[in-house]
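One structure is given here, and the rest of the page talks about it.
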Amino acid sequence: MATGRTHRPATRSRGIPEATVARLPLYLRALTALSERSVPTVSSEELASAAGVNSAKLRKDFSYLGSYGTRGVGYDVEYLVYQISRELGLTQDWPVVIVGIGNLGAALAGYGGFASRGFRVAALIDADPAMTGKPVAGIPVQHSDDLEKIISEDGVSIGVIATPAGVAQQVCDRLVAAGVTSILNFAPTVLSVPDGVDVRKVDLSIELQILAFHEQRKAGEEPGTETAAGEATETVAVPPAARAAEDASRKGPDGDMPAVMPA
């Protein structure tokens, strides 16, 4: 089986748009569920619904893969699973190192989805000497002093950062210098990387804040507005300084309120 260092996915060389690449895992997840139920074929409408996209977008995405389905039959589920897995590089063995074995890092180490999707946790790394040698999810933790040696010996090209924000950039720099070219960042900070290095950021707190925004919109409308029944909602007091700043931001270049405010 090929390793991650010697073979790279072909998506970029074949000109598949990044937006399409981002949707391929959604299609693969839906297709895998169909395969596990022994469903032989699926229509574009059914698969699009399962993946949460519209069918026209799905058909466009699949055209980049050279897969157009069969009229009146749909798409062959097993073939699409293989085709998308190949495009995503999941038919290869991708050794991964996880740096930072706190609660989150330990949870990631025990995540069973890595192995089933072509990723092998090659090493768990932590700076705490007390963690060295301690098994987590059946893998002994190694000290961060050995980071470069581990990456070199295991041919690692993907690193997962689950450290505190204050040390994440330093860890990132060491990973990149050692040859890692793709990083999944769980630390609550923005990483700076050179060209040729891909970073995907996962920030659970930001996702929760976005959900909170939508919950507020669904539950309360805007403070001081009326409900459908005509009852006023609770008004939240705004500090004078904040109100003044808001008023100033709404004024036009001459200090007057614009006649029409943008939606």
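Residue numbering restarts at 1 for every chain of the structure tokens, chains are lettered A, B, ... in their displayed order, and ligands are numbered from 1 as they appear.
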
Which residues of segment 81-110 of chain A have any atom within 8 Å of an atom in segment 158-179 of chain A when counting only C-alpha atoms, and what is the closest pair of atoms for each, with the distance in Å to one decimal? Order the rows by chain and rising number and write it as a tab-separated table.
residue	atom	partner	partner_atom	distance
A:Trp94	CA	A:Ile158	CA	7.4
A:Pro95	CA	A:Ile158	CA	6.9
A:Val96	CA	A:Ile158	CA	5.2
A:Val97	CA	A:Gly159	CA	5.0
A:Ile98	CA	A:Val160	CA	4.7
A:Val99	CA	A:Ile161	CA	5.1
A:Gly100	CA	A:Thr163	CA	4.5
A:Ile101	CA	A:Ala162	CA	7.1
A:Gly102	CA	A:Thr163	CA	7.6
A:Leu104	CA	A:Ala162	CA	6.6
A:Gly105	CA	A:Ala162	CA	5.5

Preceding selection exported with all heavy atoms as a PDB file, in the first residue's frame:
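Output saved as result.pdb:
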ATOM      1  N   TRP A  94      -2.401   7.085   5.013  1.00  0.00           N
ATOM      2  CA  TRP A  94      -1.932   8.409   5.409  1.00  0.00           C
ATOM      3  C   TRP A  94      -1.550   8.391   6.893  1.00  0.00           C
ATOM      4  O   TRP A  94      -2.433   8.443   7.759  1.00  0.00           O
ATOM      5  CB  TRP A  94      -3.002   9.466   5.171  1.00  0.00           C
ATOM      6  CG  TRP A  94      -3.321   9.679   3.732  1.00  0.00           C
ATOM      7  CD1 TRP A  94      -4.374   9.182   3.041  1.00  0.00           C
ATOM      8  CD2 TRP A  94      -2.558  10.446   2.801  1.00  0.00           C
ATOM      9  NE1 TRP A  94      -4.330   9.586   1.736  1.00  0.00           N
ATOM     10  CE2 TRP A  94      -3.229  10.368   1.546  1.00  0.00           C
ATOM     11  CE3 TRP A  94      -1.377  11.189   2.881  1.00  0.00           C
ATOM     12  CZ2 TRP A  94      -2.758  11.011   0.409  1.00  0.00           C
ATOM     13  CZ3 TRP A  94      -0.914  11.820   1.733  1.00  0.00           C
ATOM     14  CH2 TRP A  94      -1.597  11.734   0.522  1.00  0.00           C
ATOM     15  N   PRO A  95      -0.268   8.294   7.205  1.00  0.00           N
ATOM     16  CA  PRO A  95       0.146   8.350   8.615  1.00  0.00           C
ATOM     17  C   PRO A  95      -0.028   9.762   9.177  1.00  0.00           C
ATOM     18  O   PRO A  95       0.329  10.748   8.526  1.00  0.00           O
ATOM     19  CB  PRO A  95       1.624   7.942   8.573  1.00  0.00           C
ATOM     20  CG  PRO A  95       2.070   8.228   7.183  1.00  0.00           C
ATOM     21  CD  PRO A  95       0.879   8.103   6.292  1.00  0.00           C
ATOM     22  N   VAL A  96      -0.600   9.832  10.359  1.00  0.00           N
ATOM     23  CA  VAL A  96      -0.928  11.114  10.995  1.00  0.00           C
ATOM     24  C   VAL A  96      -0.296  11.177  12.377  1.00  0.00           C
ATOM     25  O   VAL A  96      -0.272  10.173  13.102  1.00  0.00           O
ATOM     26  CB  VAL A  96      -2.464  11.274  11.126  1.00  0.00           C
ATOM     27  CG1 VAL A  96      -2.823  12.543  11.881  1.00  0.00           C
ATOM     28  CG2 VAL A  96      -3.120  11.259   9.760  1.00  0.00           C
ATOM     29  N   VAL A  97       0.234  12.354  12.752  1.00  0.00           N
ATOM     30  CA  VAL A  97       0.684  12.558  14.120  1.00  0.00           C
ATOM     31  C   VAL A  97      -0.259  13.537  14.799  1.00  0.00           C
ATOM     32  O   VAL A  97      -0.705  14.509  14.182  1.00  0.00           O
ATOM     33  CB  VAL A  97       2.137  13.090  14.206  1.00  0.00           C
ATOM     34  CG1 VAL A  97       3.115  12.072  13.658  1.00  0.00           C
ATOM     35  CG2 VAL A  97       2.285  14.426  13.508  1.00  0.00           C
ATOM     36  N   ILE A  98      -0.575  13.262  16.047  1.00  0.00           N
ATOM     37  CA  ILE A  98      -1.399  14.169  16.851  1.00  0.00           C
ATOM     38  C   ILE A  98      -0.499  14.769  17.923  1.00  0.00           C
ATOM     39  O   ILE A  98       0.110  14.046  18.721  1.00  0.00           O
ATOM     40  CB  ILE A  98      -2.582  13.429  17.501  1.00  0.00           C
ATOM     41  CG1 ILE A  98      -3.461  12.794  16.426  1.00  0.00           C
ATOM     42  CG2 ILE A  98      -3.400  14.387  18.368  1.00  0.00           C
ATOM     43  CD1 ILE A  98      -4.604  11.956  16.982  1.00  0.00           C
ATOM     44  N   VAL A  99      -0.407  16.096  17.935  1.00  0.00           N
ATOM     45  CA  VAL A  99       0.443  16.799  18.892  1.00  0.00           C
ATOM     46  C   VAL A  99      -0.435  17.499  19.920  1.00  0.00           C
ATOM     47  O   VAL A  99      -1.285  18.317  19.562  1.00  0.00           O
ATOM     48  CB  VAL A  99       1.353  17.823  18.185  1.00  0.00           C
ATOM     49  CG1 VAL A  99       2.310  18.456  19.188  1.00  0.00           C
ATOM     50  CG2 VAL A  99       2.125  17.173  17.042  1.00  0.00           C
ATOM     51  N   GLY A 100      -0.230  17.161  21.188  1.00  0.00           N
ATOM     52  CA  GLY A 100      -1.042  17.717  22.266  1.00  0.00           C
ATOM     53  C   GLY A 100      -2.058  16.700  22.728  1.00  0.00           C
ATOM     54  O   GLY A 100      -3.147  16.603  22.160  1.00  0.00           O
ATOM     55  N   ILE A 101      -1.692  15.912  23.738  1.00  0.00           N
ATOM     56  CA  ILE A 101      -2.572  14.826  24.163  1.00  0.00           C
ATOM     57  C   ILE A 101      -3.258  15.186  25.473  1.00  0.00           C
ATOM     58  O   ILE A 101      -3.064  14.548  26.515  1.00  0.00           O
ATOM     59  CB  ILE A 101      -1.790  13.486  24.283  1.00  0.00           C
ATOM     60  CG1 ILE A 101      -0.930  13.269  23.042  1.00  0.00           C
ATOM     61  CG2 ILE A 101      -2.770  12.319  24.432  1.00  0.00           C
ATOM     62  CD1 ILE A 101      -1.705  13.281  21.730  1.00  0.00           C
ATOM     63  N   GLY A 102      -4.020  16.272  25.421  1.00  0.00           N
ATOM     64  CA  GLY A 102      -4.905  16.606  26.531  1.00  0.00           C
ATOM     65  C   GLY A 102      -6.230  15.888  26.317  1.00  0.00           C
ATOM     66  O   GLY A 102      -6.286  14.843  25.668  1.00  0.00           O
ATOM     67  N   LEU A 104      -8.798  16.783  24.430  1.00  0.00           N
ATOM     68  CA  LEU A 104      -9.174  16.754  23.023  1.00  0.00           C
ATOM     69  C   LEU A 104      -8.267  15.816  22.237  1.00  0.00           C
ATOM     70  O   LEU A 104      -8.731  15.005  21.434  1.00  0.00           O
ATOM     71  CB  LEU A 104      -9.128  18.159  22.425  1.00  0.00           C
ATOM     72  CG  LEU A 104      -9.451  18.271  20.931  1.00  0.00           C
ATOM     73  CD1 LEU A 104     -10.822  17.677  20.628  1.00  0.00           C
ATOM     74  CD2 LEU A 104      -9.377  19.720  20.469  1.00  0.00           C
ATOM     75  N   GLY A 105      -6.963  15.917  22.443  1.00  0.00           N
ATOM     76  CA  GLY A 105      -6.033  15.065  21.722  1.00  0.00           C
ATOM     77  C   GLY A 105      -6.275  13.594  22.002  1.00  0.00           C
ATOM     78  O   GLY A 105      -6.208  12.757  21.093  1.00  0.00           O
TER      79      GLY A 105
END

> How would you write, as a ChimeraX atom specification, the set of residues in segment 101-217 of chain A that DSSP gives as strand (DSSP E or B)?
Replying inline: /A:119-126,135-136,139-143,158-161,182-185,198-201

>> Can you pull out the residues contacting Thr41 of chain A? Cut-off 8 Å, using only C-alpha atoms, and skip same-chain residues under 6 positions away; I want them as a PyMOL selection string.
In response: chain A and resi 73-77

Could you write out that same residue set with N, CA and C atoms as a short mmCIF file (atom, residue, chain, number, x, y, z; two decimals), in the first residue's frame?
data_model
loop_
_atom_site.label_atom_id
_atom_site.label_comp_id
_atom_site.auth_asym_id
_atom_site.auth_seq_id
_atom_site.Cartn_x
_atom_site.Cartn_y
_atom_site.Cartn_z
N VAL A 73 -31.45 5.06 -14.29
CA VAL A 73 -30.87 4.12 -13.32
C VAL A 73 -30.22 4.86 -12.16
N GLY A 74 -29.46 5.90 -12.49
CA GLY A 74 -28.77 6.65 -11.45
C GLY A 74 -27.29 6.30 -11.41
N TYR A 75 -26.70 6.44 -10.23
CA TYR A 75 -25.28 6.20 -10.04
C TYR A 75 -25.04 4.86 -9.35
N ASP A 76 -23.99 4.16 -9.77
CA ASP A 76 -23.59 2.93 -9.12
C ASP A 76 -22.91 3.29 -7.79
N VAL A 77 -23.50 2.86 -6.69
CA VAL A 77 -23.04 3.27 -5.36
C VAL A 77 -21.60 2.83 -5.10
#
